[in-house]
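Only one structure is covered here, and it is reproduced in the block below.
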Amino acid sequence: MAGQLLDSLIAVVSGIGVCVLYFAGSNYLLERIFSDAEGLSSYKDQWRRAIQPWLFLAPALFLLCVYLVYPVYETIRLSFFNFGGFDFVGLKNYLWAFGNPEFMKAIYNNLLWLVFVPTLSVVFGLLVAVLADKVSWGTLAKSLIFMPMAISFVGASVIWKFVYDYRGPDIEQIGILNAFVMLFGAKPQAWITLPFWNNFFLMVILIWIQTGFAMVIFSAALRGIPEESLEAARIDGANEIQIFFRIMIPQILVTIMVVWTTITIIVLKIFDIVLAMTNGQWNTEVLANLMFDWMFRGGGDSGRGSVIALMIMIAVIPIMIWNIRNFRREEEGR
Amino acid sequence: MKPASDQKFCFSTILNSTGLLFLVLLWILPTVGLLVSSFRDKDQLALTGWWTALSTTERNEFRRTGISNEQYELDGNYVISGKLIEPGGKLIQTFSTNFRDLTANNAGETAIFKDGSLFTLKKNGDYEWISAVPFTHKRGKRIFYVAKVPPTFSLDNYYEVLTSEGVGQSFINTLKVTIPATVIPIMIASFAAYAFAWMQFPGRQFLFISVVGLLVVPLQMSLIPLLSIYNDIGNYFGVSAKSYPGIWLAHTGFGLPLAIYLLRNYMGSLPREVIESAKIDGASHFQIFTRIVVPLSVPALASFSIFQFLWVWNDLLVALVFLGKKDDQIVLTSKLRELLGSRGDNWEILTSSAFISIVVPLIVFFTLQRYFVRGLVTGSVKS
């Protein structure tokens, strides 16, 4: 054990060390080679000032190119090639995808997730944010509801699989959902294999995690609403529900949209929960899991896998454009 | 204040509180269940719900008595005695030789068997079997009993998963992935963010917008080409395609757009005068960065570190693609997923492993929540 720890420590330190060495070393060399002893506007000084930004940027730009830019190009290219990536097959992979019931099922399930998860996360997040602002133990409540954000999707899957655990109808249930159901005299169910509804039992896990995120953002946004406008409405005789819908919601509408789109992106890429809970069985397949499956199924089919990855990308693009526009508007406002 | 509105105020407060309490309970119940279960005795865990963990349970079991060569003579009778159950914990309520009739005799009573022998069983499991004729049986007689089992909690499950299930090794592996995969992107991103915020070079705006554009390229788009690059490099140099530096760089690449975006926004909002005056004093960009900008950016650096740390620690997909599944490389999430498949019914293993995998993020989260929340808020709410 001690040996393993030492090995890991050495690996960690040398990994970080290489990185430090690059920045410190490149800067040292730059200052040595293009020393500005001759004055600020010297020829060497100009070179140094031209080179330095690129030394700062080089590792970032290099890694971005290798890990994001090139792969996007390559994935698009591979989607027109066969499973090994050697023979051009045109649109065959695309035609396969849209004629494939598994793929269509994944699209359908992703749409289900897309409708319910962001909506319910936003609704619960708003509800908690508003309620917690009005009670003395609100901070504690928010902390507890936020907690699932720290838990991995796999960890959360274990937690919820335990909730959904099913034993035969004649023995004592150890899953709390079935125990609860039996309390009302209903029959226990194997929730995870229940056709159609099992999708919702998986969605619950993501909603459970994302509500905390939504709540934190809304809570901050609600605090930004000027107290006078709420007070003015109260004086005019508006009740709390009217204030919520007529004043709070319009004021934080942009924030709601931001949270909505952020959760939407997470939903489009949802993978871990489905893999851990069902691995796509019992009609719970989603795009990201199907794509992972095709990366390795039968030695890996890069063509079909790429088509599925592209579908995820295409679904994300409108949100990407919306995000960049939002950012630009923010920049101009400065 | 008028009494009517006061009353209304009270009513709505109670409604608020109960509503919120209900939601909070609903939210923490699953995690509490996991935590309680991970400390329970594994037999109890498999039989009863975790919400009954504090109550005494009844269990039907059987044990065999001693065999004939254990008998000894006492006052002209033949006796076999001993302990039917191990001491501590269980208390026998009733017993019988017939499993259909478990309540035939109360503990402490003496039962008369068909052959005329007398069998006494105490609550604590001590028994005495007396016969006038010598015992001849070769197998112990089966005694069925109902025992009360008090709740027991222990760290046994944790001990088991940490040692024999290899979760301890996975824990170290996860640290080995997470620490560099958090530090390296922050270092690289903060240099880049500084360049975008305070240095002059052609194409600055265009490059920065491109980086922001990469923010939402889904991970899935990168996996297939990267997997083949890694395999090619591995084959070319005759090394394994699955390595720790490989996954550090992958996490760095995937984390950079967000890191650069957040840090640039933060660094760009630092007061211009501070940086200008340092420049006039003859400080180089490297000095300004390390001595002024980094110390001033600690809040942003901290919130991104927490982000990245939690993201890497909790990641499954990247680990599945870039790391192997052998003991020296498998990370906690990957291990947990494997256990879900192979030990799906052993809840004592699953609950304790899951808790080990979530305890570090929870500690980080609760101690540094302020930074984390601030990071989330500045990332998402327009000021």
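Chain labels run A, B, ... following the order of the structure tokens; each chain numbers its residues from 1, and ligands are numbered from 1 in the order shown.
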Residues near Asn60 of chain B, cut-off 12 Å, only C-alpha atoms, skip fewer than 4 positions along chain, as a short mmCIF file (atom, residue, chain, number, x, y, z; two decimals) with N, CA and C atoms, in the first residue's frame:
```
data_model
loop_
_atom_site.label_atom_id
_atom_site.label_comp_id
_atom_site.auth_asym_id
_atom_site.auth_seq_id
_atom_site.Cartn_x
_atom_site.Cartn_y
_atom_site.Cartn_z
N LEU B 47 -32.39 -8.63 4.67
CA LEU B 47 -33.71 -9.12 5.04
C LEU B 47 -34.72 -8.04 5.36
N LYS B 90 -27.95 -12.24 19.64
CA LYS B 90 -29.23 -12.92 19.49
C LYS B 90 -29.78 -13.47 20.79
N LEU B 91 -31.10 -13.47 20.91
CA LEU B 91 -31.77 -14.08 22.06
C LEU B 91 -32.85 -15.01 21.53
N ILE B 92 -32.80 -16.28 21.99
CA ILE B 92 -33.76 -17.25 21.48
C ILE B 92 -35.11 -17.08 22.18
N GLN B 93 -36.16 -17.08 21.40
CA GLN B 93 -37.51 -16.92 21.95
C GLN B 93 -38.21 -18.28 22.11
N THR B 94 -38.34 -18.98 21.02
CA THR B 94 -39.01 -20.29 21.05
C THR B 94 -38.19 -21.27 20.23
N PHE B 95 -38.40 -22.57 20.46
CA PHE B 95 -37.66 -23.54 19.65
C PHE B 95 -38.47 -24.80 19.44
N SER B 96 -38.01 -25.63 18.52
CA SER B 96 -38.75 -26.84 18.17
C SER B 96 -37.84 -27.74 17.34
N PHE B 99 -39.80 -27.77 11.90
CA PHE B 99 -39.78 -26.40 11.36
C PHE B 99 -41.16 -25.84 11.07
N ARG B 100 -42.18 -26.72 11.10
CA ARG B 100 -43.53 -26.21 10.87
C ARG B 100 -44.14 -25.64 12.14
N ASP B 101 -43.49 -25.95 13.24
CA ASP B 101 -44.07 -25.55 14.52
C ASP B 101 -42.99 -24.89 15.38
N LEU B 102 -42.59 -23.73 14.94
CA LEU B 102 -41.45 -23.08 15.59
C LEU B 102 -41.70 -22.66 17.03
N THR B 103 -42.96 -22.50 17.38
CA THR B 103 -43.26 -21.96 18.71
C THR B 103 -43.63 -23.06 19.71
N ILE B 143 -32.26 -28.25 15.45
CA ILE B 143 -33.15 -27.50 16.35
C ILE B 143 -33.54 -26.21 15.64
N PHE B 144 -34.83 -26.03 15.44
CA PHE B 144 -35.32 -24.79 14.83
C PHE B 144 -35.70 -23.82 15.92
N TYR B 145 -35.41 -22.55 15.69
CA TYR B 145 -35.75 -21.58 16.73
C TYR B 145 -36.06 -20.22 16.14
N VAL B 146 -36.74 -19.43 16.94
CA VAL B 146 -36.99 -18.04 16.59
C VAL B 146 -36.12 -17.20 17.50
N ALA B 147 -35.28 -16.35 16.92
CA ALA B 147 -34.39 -15.54 17.75
C ALA B 147 -34.67 -14.07 17.53
N LYS B 148 -34.50 -13.30 18.57
CA LYS B 148 -34.59 -11.85 18.43
C LYS B 148 -33.19 -11.33 18.21
N VAL B 149 -33.04 -10.51 17.17
CA VAL B 149 -31.71 -9.99 16.86
C VAL B 149 -31.71 -8.49 17.10
#
```
Selection: 10 Å around segment 242-245 of chain A, only C-alpha atoms, excl. self and same-chain fewer than 5 positions, as a PDB file with C-alpha atoms, in the first residue's frame:
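around.pdb, written as the output of this step:
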```
ATOM      1  CA  VAL A 130     -38.657  30.724  -2.955  1.00  0.00           C
ATOM      2  CA  SER A 229     -40.771  46.405  -6.337  1.00  0.00           C
ATOM      3  CA  LEU A 230     -41.923  43.516  -4.136  1.00  0.00           C
ATOM      4  CA  GLU A 231     -42.996  45.941  -1.410  1.00  0.00           C
ATOM      5  CA  ALA A 233     -46.802  45.066  -5.131  1.00  0.00           C
ATOM      6  CA  ARG A 234     -47.669  44.060  -1.575  1.00  0.00           C
ATOM      7  CA  GLY A 237     -52.657  44.197  -2.420  1.00  0.00           C
ATOM      8  CA  PRO A 250     -40.459  37.978 -15.254  1.00  0.00           C
ATOM      9  CA  GLN A 251     -37.515  39.483 -13.374  1.00  0.00           C
TER      10      GLN A 251
END
```
Rank nothing, just name the residue among B:Ser240, B:Gln329, B:Ser131, B:Thr65 nearest to chain A, using only C-alpha atoms.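 Closest to chain A of all the choices is B:Gln329.
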If we count only C-alpha atoms and set the cut-off at 12 Å, which residues sit around Lys141 of chain B, ignoring sequence neighbours fewer than 4 positions away in its own chain? Please answer as a list in words.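 Once the nearby chain positions are removed, what remains is Phe62, Arg63, Arg64, Thr65, Gly66, Ile67, Ser68, Ile80, Leu84, Ser96, Thr97, Asn98, Phe113, Phe119, Trp129, Phe135, Thr136 and His137 of chain B.
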So which residues touch Tyr70 of chain A within 10 Å, counting only C-alpha atoms, skipping near sequence neighbours fewer than 4 positions away, as a PyMOL selection string? (chain A and resi 64-66+74-75) or (chain B and resi 221-222+225-226)
Using DSSP assignments from the backbone, pull out every residue in segment 190-231 of chain B that falls under alpha helix (DSSP H) and give it to me as a PyMOL selection string. chain B and resi 190-198+204-214+220-231
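Note that atom CA of Ser306 of chain A and atom CA of Phe81 of chain A are 9.4 Å apart.
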Contacts of Gly89 of chain B within 12 Å, only C-alpha atoms, excl. fewer than 2 positions in-chain, as JSON, numbers by chain: {"B": [41, 56, 57, 58, 85, 86, 87, 91, 92, 123, 124, 125, 147, 148, 149, 150, 151, 152, 153]}
Need the shell around Glu172 of chain A: protein/DNA/RNA residues with any atom at most 8 Å away, counting only C-alpha atoms. Skip same-chain ones fewer than 5 positions apart. Format as a JSON list (two decimals) with N, CA and C atoms, in the first residue's frame?
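Okay, this is what ended up in part04.json:
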```json
[["chain", "number", "residue", "atom", "x", "y", "z"],
["A", 167, "ARG", "N", -38.02, -7.07, -4.35],
["A", 167, "ARG", "CA", -38.01, -8.48, -3.95],
["A", 167, "ARG", "C", -39.36, -9.05, -4.34],
["A", 179, "ALA", "N", -41.64, -0.64, -0.37],
["A", 179, "ALA", "CA", -42.20, -0.71, 0.98],
["A", 179, "ALA", "C", -43.33, 0.31, 1.11],
["B", 47, "LEU", "N", -32.39, -8.63, 4.67],
["B", 47, "LEU", "CA", -33.71, -9.12, 5.04],
["B", 47, "LEU", "C", -34.72, -8.04, 5.36],
["B", 48, "THR", "N", -34.25, -6.93, 5.93],
["B", 48, "THR", "CA", -35.21, -5.91, 6.36],
["B", 48, "THR", "C", -34.82, -4.55, 5.80],
["B", 49, "GLY", "N", -35.81, -3.69, 5.70],
["B", 49, "GLY", "CA", -35.59, -2.34, 5.20],
["B", 49, "GLY", "C", -34.72, -1.54, 6.15]]
```
Neighbours of Trp137 of chain A within 10 Å (only C-alpha atoms; same-chain residues fewer than 6 positions away dropped), as number ranges by chain? B: 17, 20-21
Next, write the just-selected residues to a file, as a PDB file, in the first residue's frame, keeping N, CA and C atoms as the atom set.
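result15.pdb was written with the following content:
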```pdb
ATOM      1  N   SER B  17     -43.003  26.178   5.707  1.00  0.00           N
ATOM      2  CA  SER B  17     -42.095  25.314   6.455  1.00  0.00           C
ATOM      3  C   SER B  17     -42.371  23.850   6.184  1.00  0.00           C
ATOM      4  N   LEU B  20     -41.407  22.906   2.622  1.00  0.00           N
ATOM      5  CA  LEU B  20     -39.956  22.821   2.458  1.00  0.00           C
ATOM      6  C   LEU B  20     -39.404  21.589   3.176  1.00  0.00           C
ATOM      7  N   LEU B  21     -39.917  21.350   4.372  1.00  0.00           N
ATOM      8  CA  LEU B  21     -39.475  20.194   5.157  1.00  0.00           C
ATOM      9  C   LEU B  21     -39.723  18.900   4.387  1.00  0.00           C
TER      10      LEU B  21
END
```
For the interface of segment 283-364 of chain B with segment 53-57 of chain A (cut-off 12 Å, counting only C-alpha atoms), please tabulate each contacting residue of segment 283-364 of chain B alongside its nearest pair of atoms and their separation in Å to one decimal, rows sorted by chain and increasing number, as JSON lines.
```
{"residue": "B:Ser284", "atom": "CA", "partner": "A:Pro53", "partner_atom": "CA", "distance": 11.9}
{"residue": "B:His285", "atom": "CA", "partner": "A:Pro53", "partner_atom": "CA", "distance": 9.1}
{"residue": "B:Phe286", "atom": "CA", "partner": "A:Phe56", "partner_atom": "CA", "distance": 9.1}
{"residue": "B:Phe289", "atom": "CA", "partner": "A:Phe56", "partner_atom": "CA", "distance": 10.5}
```
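If only C-alpha atoms are the atoms counted, then among B:Asn16, B:Ser228, B:Ser305, B:Thr290 the closest residue to chain A is B:Asn16.
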Å distance separating atom CA of Asp272 of chain A from atom CA of Ile186 of chain B, one decimal place: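 The value is 25.4 Å.
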Identify which of the residues B:Thr120, B:Ser243, B:Ser297, B:Asn69 lies closest to chain A, counting only C-alpha atoms when measuring atom-to-atom distances.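 Comparing B:Thr120, B:Ser243, B:Ser297, B:Asn69 against chain A, the winner is B:Ser243.
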What parts of segment 134-378 of chain B does DSSP call strand (DSSP E)? I'd like the answer as a ChimeraX atom specification. /B:142-149
Top pick for closest residue to chain B, considering A:Val204, A:Val154, A:Ile10, A:Leu30 and counting only C-alpha atoms: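 The answer is A:Val154, which sits nearest to chain B.
Between atom CA of Gln46 of chain A and atom CA of Val212 of chain B the interatomic distance comes to 29.4 Å.
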